[in-house]
$ cat my_file07.pdb   # PDB, C-alpha atoms
MODEL        1
ATOM      1  CA  MET X   1     -31.244 -11.282 -31.830
ATOM      2  CA  GLY X   2     -30.514 -12.055 -35.454
ATOM      3  CA  ALA X   3     -33.218  -9.993 -37.188
ATOM      4  CA  THR X   4     -33.619  -6.235 -36.991
ATOM      5  CA  LEU X   5     -35.597  -5.212 -33.924
ATOM      6  CA  ARG X   6     -38.198  -2.509 -34.478
ATOM      7  CA  LEU X   7     -40.550  -0.798 -32.055
ATOM      8  CA  SER X   8     -44.139   0.241 -32.678
ATOM      9  CA  VAL X   9     -45.236   3.001 -30.293
ATOM     10  CA  GLN X  10     -48.591   4.634 -29.745
ATOM     11  CA  ILE X  11     -49.725   7.210 -27.213
ATOM     12  CA  LEU X  12     -53.483   7.062 -26.748
ATOM     13  CA  ASP X  13     -56.098   9.095 -24.895
ATOM     14  CA  GLN X  14     -58.053   5.962 -23.945
ATOM     15  CA  PRO X  15     -57.122   2.381 -22.996
ATOM     16  CA  PRO X  16     -56.104   0.270 -25.985
ATOM     17  CA  PRO X  17     -58.360  -2.543 -27.181
ATOM     18  CA  PRO X  18     -57.517  -6.179 -26.398
ATOM     19  CA  TYR X  19     -54.403  -7.405 -28.177
ATOM     20  CA  ALA X  20     -54.331 -10.238 -30.713
ATOM     21  CA  ALA X  21     -50.982 -12.045 -30.483
ATOM     22  CA  SER X  22     -48.590 -11.780 -33.408
ATOM     23  CA  PRO X  23     -45.683 -14.205 -34.000
ATOM     24  CA  SER X  24     -43.298 -11.335 -34.838
ATOM     25  CA  VAL X  25     -43.886  -9.505 -31.525
ATOM     26  CA  VAL X  26     -41.019 -10.086 -29.083
ATOM     27  CA  THR X  27     -42.497  -8.029 -26.223
ATOM     28  CA  ARG X  28     -45.604  -5.892 -25.790
ATOM     29  CA  GLN X  29     -46.197  -3.476 -22.936
ATOM     30  CA  VAL X  30     -49.081  -1.149 -22.093
ATOM     31  CA  TRP X  31     -48.509   1.665 -19.606
ATOM     32  CA  GLN X  32     -50.730   4.364 -18.125
ATOM     33  CA  GLY X  33     -49.400   7.842 -17.384
ATOM     34  CA  GLY X  34     -49.453  11.376 -18.690
ATOM     35  CA  VAL X  35     -47.581  14.391 -19.960
ATOM     36  CA  THR X  36     -44.485  15.482 -18.045
ATOM     37  CA  ASP X  37     -44.605  18.772 -16.118
ATOM     38  CA  LEU X  38     -41.159  20.184 -16.922
ATOM     39  CA  THR X  39     -41.268  22.643 -13.994
ATOM     40  CA  THR X  40     -41.997  20.129 -11.223
ATOM     41  CA  ARG X  41     -40.462  17.196 -13.154
ATOM     42  CA  THR X  42     -43.515  15.070 -12.351
ATOM     43  CA  MET X  43     -46.295  13.427 -14.303
ATOM     44  CA  ILE X  44     -49.549  15.247 -15.023
ATOM     45  CA  ALA X  45     -51.993  12.373 -14.515
ATOM     46  CA  SER X  46     -55.077  14.101 -15.893
ATOM     47  CA  PRO X  47     -56.022  13.586 -18.599
ATOM     48  CA  PRO X  48     -54.543  10.080 -18.550
ATOM     49  CA  ARG X  49     -52.541   8.750 -21.476
ATOM     50  CA  TRP X  50     -51.695   5.180 -22.466
ATOM     51  CA  LEU X  51     -48.432   4.029 -24.006
ATOM     52  CA  VAL X  52     -48.334   0.877 -26.131
ATOM     53  CA  LEU X  53     -44.871  -0.521 -26.928
ATOM     54  CA  ALA X  54     -44.484  -3.512 -29.255
ATOM     55  CA  ASP X  55     -40.968  -4.757 -29.966
ATOM     56  CA  HIS X  56     -40.982  -6.872 -33.109
ATOM     57  CA  GLN X  57     -38.600  -8.391 -35.596
ATOM     58  CA  GLY X  58     -38.541  -7.869 -39.329
ATOM     59  CA  PRO X  59     -40.059  -5.215 -41.569
ATOM     60  CA  ALA X  60     -42.151  -2.287 -40.360
ATOM     61  CA  GLN X  61     -45.628  -3.243 -39.214
ATOM     62  CA  ALA X  62     -47.885  -0.256 -38.800
ATOM     63  CA  THR X  63     -50.572  -2.284 -37.040
ATOM     64  CA  VAL X  64     -48.489  -4.113 -34.411
ATOM     65  CA  ALA X  65     -49.217  -1.610 -31.643
ATOM     66  CA  ALA X  66     -52.992  -1.831 -32.267
ATOM     67  CA  ALA X  67     -54.883   1.418 -32.727
ATOM     68  CA  SER X  68     -57.386   2.555 -30.131
ATOM     69  CA  ALA X  69     -60.934   1.340 -30.630
ATOM     70  CA  GLY X  70     -62.689   3.941 -32.734
ATOM     71  CA  GLY X  71     -60.043   6.594 -32.063
ATOM     72  CA  THR X  72     -56.851   7.998 -33.451
ATOM     73  CA  PRO X  73     -53.579   7.806 -31.505
ATOM     74  CA  LEU X  74     -52.264  11.140 -30.221
ATOM     75  CA  LEU X  75     -48.801  10.079 -31.424
ATOM     76  CA  SER X  76     -47.785   6.985 -33.355
ATOM     77  CA  TRP X  77     -44.431   5.744 -34.596
ATOM     78  CA  GLU X  78     -42.773   2.814 -36.265
ATOM     79  CA  LEU X  79     -39.193   3.047 -34.993
ATOM     80  CA  GLU X  80     -35.777   1.691 -35.848
ATOM     81  CA  GLN X  81     -33.543   1.306 -32.807
ATOM     82  CA  ILE X  82     -30.304   3.265 -33.114
ATOM     83  CA  LEU X  83     -28.770   2.540 -29.720
ATOM     84  CA  PRO X  84     -28.097   0.000 -28.272
ATOM     85  CA  GLY X  85     -29.264  -1.806 -31.416
ATOM     86  CA  ASP X  86     -31.364  -4.848 -30.597
ATOM     87  CA  ALA X  87     -32.424  -4.486 -26.941
ATOM     88  CA  ALA X  88     -36.105  -5.198 -26.305
ATOM     89  CA  SER X  89     -38.191  -3.322 -23.725
ATOM     90  CA  PRO X  90     -37.175  -4.646 -20.287
ATOM     91  CA  ALA X  91     -39.897  -6.476 -18.350
ATOM     92  CA  ASP X  92     -38.816  -5.366 -14.879
ATOM     93  CA  ALA X  93     -39.264  -1.577 -15.161
ATOM     94  CA  GLY X  94     -41.431   0.450 -12.792
ATOM     95  CA  GLY X  95     -41.925   3.245 -15.311
ATOM     96  CA  VAL X  96     -41.130   4.634 -18.751
ATOM     97  CA  ILE X  97     -40.013   8.143 -19.678
ATOM     98  CA  LEU X  98     -40.489   9.030 -23.356
ATOM     99  CA  VAL X  99     -38.946  12.062 -25.051
ATOM    100  CA  SER X 100     -39.316  12.824 -28.751
ATOM    101  CA  MET X 101     -37.903  15.596 -30.914
ATOM    102  CA  ASP X 102     -37.025  16.840 -34.360
ATOM    103  CA  VAL X 103     -33.616  18.332 -35.055
ATOM    104  CA  ASP X 104     -32.313  21.011 -37.396
ATOM    105  CA  PRO X 105     -31.144  19.052 -40.497
ATOM    106  CA  ALA X 106     -27.950  21.139 -40.640
ATOM    107  CA  ARG X 107     -27.032  19.840 -37.141
ATOM    108  CA  GLU X 108     -28.248  16.263 -37.474
ATOM    109  CA  ASP X 109     -24.787  14.646 -37.671
ATOM    110  CA  GLU X 110     -23.616  16.424 -34.519
ATOM    111  CA  PHE X 111     -26.950  15.662 -32.808
ATOM    112  CA  ASN X 112     -26.539  11.934 -33.472
ATOM    113  CA  ASP X 113     -22.898  12.009 -32.382
ATOM    114  CA  TRP X 114     -23.846  13.768 -29.114
ATOM    115  CA  TYR X 115     -26.786  11.456 -28.419
ATOM    116  CA  ASN X 116     -24.782   8.284 -29.092
ATOM    117  CA  THR X 117     -21.479   9.192 -27.442
ATOM    118  CA  GLU X 118     -22.543  11.377 -24.506
ATOM    119  CA  HIS X 119     -26.254  11.528 -23.781
ATOM    120  CA  ILE X 120     -27.343   7.864 -23.751
ATOM    121  CA  PRO X 121     -24.103   6.685 -22.059
ATOM    122  CA  HIS X 122     -24.608   9.283 -19.280
ATOM    123  CA  PHE X 123     -28.191   8.190 -18.671
ATOM    124  CA  ARG X 124     -27.246   4.520 -18.542
ATOM    125  CA  LYS X 125     -25.168   5.386 -15.458
ATOM    126  CA  VAL X 126     -27.963   7.235 -13.599
ATOM    127  CA  PRO X 127     -29.190   5.213 -10.610
ATOM    128  CA  GLY X 128     -32.707   3.988 -11.317
ATOM    129  CA  VAL X 129     -32.305   3.812 -15.126
ATOM    130  CA  ILE X 130     -32.771   0.220 -16.283
ATOM    131  CA  ALA X 131     -32.482   0.873 -20.026
ATOM    132  CA  ALA X 132     -31.795   3.963 -22.154
ATOM    133  CA  ARG X 133     -32.596   3.481 -25.842
ATOM    134  CA  ARG X 134     -32.946   5.803 -28.814
ATOM    135  CA  PHE X 135     -34.803   5.424 -32.070
ATOM    136  CA  ARG X 136     -35.271   6.976 -35.504
ATOM    137  CA  ALA X 137     -38.780   7.159 -36.932
ATOM    138  CA  LEU X 138     -39.501   5.088 -40.023
ATOM    139  CA  ARG X 139     -43.063   6.387 -39.767
ATOM    140  CA  GLY X 140     -44.462   9.147 -37.534
ATOM    141  CA  SER X 141     -43.065  12.308 -36.021
ATOM    142  CA  PRO X 142     -41.142  13.802 -34.325
ATOM    143  CA  ALA X 143     -38.233  12.051 -36.046
ATOM    144  CA  TYR X 144     -36.335  10.869 -32.942
ATOM    145  CA  VAL X 145     -37.585   9.107 -29.818
ATOM    146  CA  ALA X 146     -35.740   8.208 -26.613
ATOM    147  CA  LEU X 147     -37.172   5.697 -24.146
ATOM    148  CA  TYR X 148     -35.916   5.335 -20.602
ATOM    149  CA  HIS X 149     -37.194   2.323 -18.676
ATOM    150  CA  VAL X 150     -36.717   3.213 -15.024
ATOM    151  CA  THR X 151     -37.328   1.746 -11.579
ATOM    152  CA  ASP X 152     -39.643   4.700 -10.873
ATOM    153  CA  THR X 153     -40.375   7.889 -12.814
ATOM    154  CA  ASP X 154     -39.277   9.888  -9.751
ATOM    155  CA  VAL X 155     -35.729   9.365 -11.096
ATOM    156  CA  TYR X 156     -36.523  12.237 -13.511
ATOM    157  CA  ALA X 157     -36.148  14.728 -10.634
ATOM    158  CA  THR X 158     -33.020  13.247  -9.015
ATOM    159  CA  PRO X 159     -29.621  14.990  -8.919
ATOM    160  CA  GLY X 160     -28.152  12.188 -11.078
ATOM    161  CA  TRP X 161     -30.703  12.717 -13.841
ATOM    162  CA  MET X 162     -30.360  16.491 -13.642
ATOM    163  CA  ALA X 163     -26.550  16.308 -13.890
ATOM    164  CA  ALA X 164     -26.726  14.008 -16.926
ATOM    165  CA  ASN X 165     -29.161  16.462 -18.514
ATOM    166  CA  GLU X 166     -27.121  19.650 -18.017
ATOM    167  CA  THR X 167     -23.791  19.092 -19.766
ATOM    168  CA  PRO X 168     -22.328  21.865 -21.961
ATOM    169  CA  TRP X 169     -22.921  19.748 -25.072
ATOM    170  CA  ILE X 170     -26.601  19.095 -24.289
ATOM    171  CA  LEU X 171     -27.188  22.779 -23.593
ATOM    172  CA  ARG X 172     -25.720  23.553 -27.019
ATOM    173  CA  MET X 173     -27.727  20.817 -28.780
ATOM    174  CA  ARG X 174     -31.053  21.926 -27.278
ATOM    175  CA  ARG X 175     -30.911  25.014 -29.499
ATOM    176  CA  TYR X 176     -31.286  22.766 -32.551
ATOM    177  CA  GLN X 177     -34.152  20.598 -31.270
ATOM    178  CA  ARG X 178     -37.807  21.269 -32.106
ATOM    179  CA  ASN X 179     -41.231  19.750 -31.444
ATOM    180  CA  ARG X 180     -40.127  18.118 -28.191
ATOM    181  CA  THR X 181     -42.636  15.965 -26.315
ATOM    182  CA  TYR X 182     -42.241  14.581 -22.798
ATOM    183  CA  PHE X 183     -44.313  11.799 -21.236
ATOM    184  CA  MET X 184     -44.096   9.630 -18.117
ATOM    185  CA  PHE X 185     -45.830   6.318 -17.619
ATOM    186  CA  ARG X 186     -45.988   4.647 -14.204
ATOM    187  CA  ARG X 187     -48.595   1.959 -14.257
ATOM    188  CA  LYS X 188     -47.952  -1.086 -16.348
ATOM    189  CA  MET X 189     -51.202  -2.682 -17.490
ATOM    190  CA  GLY X 190     -51.765  -6.428 -17.745
TER     191      GLY X 190
ENDMDL
END
$ encode --input "my_file07.pdb" --output "structure tokens"
Amino acid sequence: MGATLRLSVQILDQPPPPYAASPSVVTRQVWQGGVTDLTTRTMIASPPRWLVLADHQGPAQATVAAASAGGTPLLSWELEQILPGDAASPADAGGVILVSMDVDPAREDEFNDWYNTEHIPHFRKVPGVIAARRFRALRGSPAYVALYHVTDTDVYATPGWMAANETPWILRMRRYQRNRTYFMFRRKMG
């Protein structure tokens, strides 16, 4: 794609309102899911959460993802894709795993080096991962977001995922991460 690809993301506590098409939107997806239970590595389905992803070209558009009717999103970002650069959300996924975090500013260069050269490449090789992408927030927080489109969110508990998530470098980098959020979304709407 020639123009810069951006991603608008919202996590809502109610279904999003109907969507009015926009010429700049490349893809739009709505998913239903919940918070991730880090002990069982499964989704907590109650209370339900909705994820709205809108890949679009050009400048930041705070309204592309469409706010919930009468409500405020739990989390909302306008993101710039860092890696792989201009890949849109794949249409054939069975689920989405979203992780967001802030990082100690003194370790940010190493964090980005680790994420780009080890972490994302490892996850791209995990069976069941369709796309592994990372983003920097232009608006919203935490400052970094990773999205994993997967065949099924059960991949989160597989030996392949666990091995990719337990390298010496990741264990070191976790000490410098803050405000982490974990969500899983299984049901694609519409």
$ closest_atom_pairs --input "my_file07.pdb" --of "segment 88-175 of chain X" --to "segment 43-59 of chain X" --cutoff "12 Å" --atoms "all atoms listed in the file" --output "tab-separated table"
residue	atom	partner	partner_atom	distance
X:Ala88	CA	X:Asp55	CA	6.1
X:Ser89	CA	X:Asp55	CA	7.0
X:Pro90	CA	X:Asp55	CA	10.4
X:Ala91	CA	X:Leu53	CA	11.6
X:Gly95	CA	X:Leu51	CA	10.9
X:Val96	CA	X:Leu51	CA	9.0
X:Ile97	CA	X:Met43	CA	9.8
X:Leu98	CA	X:Leu51	CA	9.4
X:Leu138	CA	X:Pro59	CA	10.4
X:Leu147	CA	X:Leu53	CA	10.3
X:His149	CA	X:Leu53	CA	11.6
X:Asp152	CA	X:Met43	CA	11.5
X:Thr153	CA	X:Met43	CA	8.2
X:Asp154	CA	X:Met43	CA	9.1
X:Val155	CA	X:Met43	CA	11.8
X:Tyr156	CA	X:Met43	CA	9.9
X:Ala157	CA	X:Met43	CA	10.9
$ resolve_selection --input "my_file07.pdb" --expression "the PyMOL selection byres ((chain X and resi 161) around 12)" --output "list in words"
Arg41, Ile97, His119, Ile120, His122, Phe123, Arg124, Lys125, Val126, Pro127, Gly128, Val129, Tyr148, Val150, Thr153, Asp154, Val155, Tyr156, Ala157, Thr158, Pro159, Gly160, Met162, Ala163, Ala164, Asn165, Glu166 and Thr167 of chain X
$ atom_distance --input "my_file07.pdb" --atom1 "atom CA of Ser76 of chain X" --atom2 "atom CA of Asp113 of chain X"
25.4 Å
$ atom_distance --input "my_file07.pdb" --atom1 "atom CA of Thr117 of chain X" --atom2 "atom CA of Ser141 of chain X"
23.4 Å
$ residues_near_point --input "my_file07.pdb" --point "(-46.4, 6.2, -36.3)" --cutoff "6 Å" --atoms "only C-alpha atoms" --output "ChimeraX atom specification"
/X:76-78,139-140
$ axis_aligned_box --input "my_file07.pdb" --around "segment 143-151 of chain X" --padding-each-side "3 Å" --output "AutoDock Vina command-line options"
--center_x -37.0 --center_y 6.9 --center_z -23.8 --size_x 8.5 --size_y 16.3 --size_z 30.5
$ residues_around --input "my_file07.pdb" --residues "Leu79 of chain X" --least-positions-apart "5" --cutoff "8 Å" --atoms "all atoms listed in the file" --output "MDAnalysis selection string"
chainID X and resid 6:9 135:139
$ atom_distance --input "my_file07.pdb" --atom1 "atom CA of Pro23 of chain X" --atom2 "atom CA of Gly94 of chain X"
26.1 Å
$ decode --input "my_file07.pdb" --residues "segment 140-179 of chain X" --atoms "N, CA and C atoms" --output "tab-separated table (two decimals), in the first residue's frame"
chain	number	residue	atom	x	y	z
X	140	GLY	N	-3.89	7.73	22.81
X	140	GLY	CA	-4.33	6.65	23.70
X	140	GLY	C	-3.17	6.04	24.46
X	141	SER	N	-3.50	5.23	25.44
X	141	SER	CA	-2.47	4.54	26.21
X	141	SER	C	-3.04	3.23	26.73
X	142	PRO	N	-2.14	2.27	27.00
X	142	PRO	CA	-0.69	2.30	26.98
X	142	PRO	C	-0.10	2.62	25.59
X	143	ALA	N	1.20	2.90	25.58
X	143	ALA	CA	1.88	3.43	24.41
X	143	ALA	C	2.14	2.42	23.30
X	144	TYR	N	2.17	1.14	23.62
X	144	TYR	CA	2.45	0.10	22.62
X	144	TYR	C	1.35	-0.94	22.65
X	145	VAL	N	0.99	-1.43	21.45
X	145	VAL	CA	-0.04	-2.44	21.31
X	145	VAL	C	0.48	-3.51	20.35
X	146	ALA	N	0.26	-4.77	20.71
X	146	ALA	CA	0.54	-5.89	19.81
X	146	ALA	C	-0.77	-6.61	19.53
X	147	LEU	N	-1.00	-6.94	18.27
X	147	LEU	CA	-2.18	-7.68	17.85
X	147	LEU	C	-1.74	-8.97	17.18
X	148	TYR	N	-2.33	-10.06	17.62
X	148	TYR	CA	-2.06	-11.37	17.04
X	148	TYR	C	-3.37	-11.90	16.50
X	149	HIS	N	-3.51	-11.97	15.18
X	149	HIS	CA	-4.65	-12.63	14.57
X	149	HIS	C	-4.30	-14.11	14.50
X	150	VAL	N	-5.17	-14.93	15.04
X	150	VAL	CA	-4.89	-16.36	15.20
X	150	VAL	C	-6.03	-17.20	14.63
X	151	THR	N	-5.74	-18.48	14.41
X	151	THR	CA	-6.79	-19.39	13.95
X	151	THR	C	-7.80	-19.62	15.06
X	152	ASP	N	-7.33	-19.64	16.30
X	152	ASP	CA	-8.18	-19.81	17.48
X	152	ASP	C	-7.40	-19.28	18.68
X	153	THR	N	-8.08	-18.63	19.62
X	153	THR	CA	-7.37	-18.08	20.77
X	153	THR	C	-6.78	-19.16	21.68
X	154	ASP	N	-7.15	-20.41	21.48
X	154	ASP	CA	-6.54	-21.50	22.25
X	154	ASP	C	-5.03	-21.59	22.01
X	155	VAL	N	-4.54	-21.00	20.92
X	155	VAL	CA	-3.10	-21.00	20.63
X	155	VAL	C	-2.32	-20.35	21.78
X	156	TYR	N	-2.97	-19.48	22.54
X	156	TYR	CA	-2.32	-18.76	23.65
X	156	TYR	C	-1.80	-19.71	24.73
X	157	ALA	N	-2.37	-20.91	24.81
X	157	ALA	CA	-1.95	-21.87	25.84
X	157	ALA	C	-1.13	-23.03	25.27
X	158	THR	N	-0.71	-22.94	24.01
X	158	THR	CA	0.04	-24.04	23.40
X	158	THR	C	1.52	-23.98	23.77
X	159	PRO	N	2.21	-25.12	23.68
X	159	PRO	CA	3.66	-25.12	23.95
X	159	PRO	C	4.43	-24.16	23.03
X	160	GLY	N	4.02	-24.02	21.78
X	160	GLY	CA	4.70	-23.11	20.86
X	160	GLY	C	4.61	-21.66	21.30
X	161	TRP	N	3.42	-21.26	21.74
X	161	TRP	CA	3.24	-19.88	22.23
X	161	TRP	C	4.05	-19.68	23.50
X	162	MET	N	3.96	-20.64	24.40
X	162	MET	CA	4.67	-20.53	25.68
X	162	MET	C	6.18	-20.42	25.47
X	163	ALA	N	6.72	-21.22	24.55
X	163	ALA	CA	8.16	-21.18	24.28
X	163	ALA	C	8.57	-19.83	23.71
X	164	ALA	N	7.77	-19.29	22.80
X	164	ALA	CA	8.08	-17.98	22.22
X	164	ALA	C	7.99	-16.87	23.26
X	165	ASN	N	7.26	-17.12	24.33
X	165	ASN	CA	7.02	-16.11	25.35
X	165	ASN	C	7.89	-16.28	26.59
X	166	GLU	N	8.90	-17.13	26.52
X	166	GLU	CA	9.74	-17.39	27.70
X	166	GLU	C	11.23	-17.37	27.37
X	167	THR	N	11.64	-16.52	26.45
X	167	THR	CA	13.07	-16.44	26.13
X	167	THR	C	13.78	-15.62	27.20
X	168	PRO	N	15.10	-15.76	27.33
X	168	PRO	CA	15.83	-14.95	28.31
X	168	PRO	C	15.63	-13.44	28.10
X	169	TRP	N	15.58	-13.02	26.83
X	169	TRP	CA	15.44	-11.59	26.55
X	169	TRP	C	14.06	-11.08	26.97
X	170	ILE	N	13.00	-11.85	26.70
X	170	ILE	CA	11.66	-11.40	27.11
X	170	ILE	C	11.56	-11.34	28.63
X	171	LEU	N	12.14	-12.31	29.32
X	171	LEU	CA	12.08	-12.30	30.78
X	171	LEU	C	12.78	-11.05	31.33
X	172	ARG	N	13.86	-10.64	30.69
X	172	ARG	CA	14.55	-9.42	31.09
X	172	ARG	C	13.69	-8.19	30.79
X	173	MET	N	13.09	-8.14	29.61
X	173	MET	CA	12.32	-6.96	29.18
X	173	MET	C	11.03	-6.79	29.98
X	174	ARG	N	10.47	-7.85	30.48
X	174	ARG	CA	9.23	-7.73	31.28
X	174	ARG	C	9.41	-6.83	32.50
X	175	ARG	N	10.63	-6.78	33.02
X	175	ARG	CA	10.89	-5.92	34.20
X	175	ARG	C	10.67	-4.45	33.90
X	176	TYR	N	10.74	-4.06	32.63
X	176	TYR	CA	10.64	-2.66	32.24
X	176	TYR	C	9.28	-2.29	31.65
X	177	GLN	N	8.35	-3.25	31.65
X	177	GLN	CA	7.02	-3.00	31.09
X	177	GLN	C	6.03	-2.69	32.22
X	178	ARG	N	5.10	-1.80	31.95
X	178	ARG	CA	4.09	-1.38	32.92
X	178	ARG	C	2.73	-1.30	32.25
X	179	ASN	N	1.69	-1.27	33.07
X	179	ASN	CA	0.32	-1.05	32.58
X	179	ASN	C	-0.08	-2.03	31.48
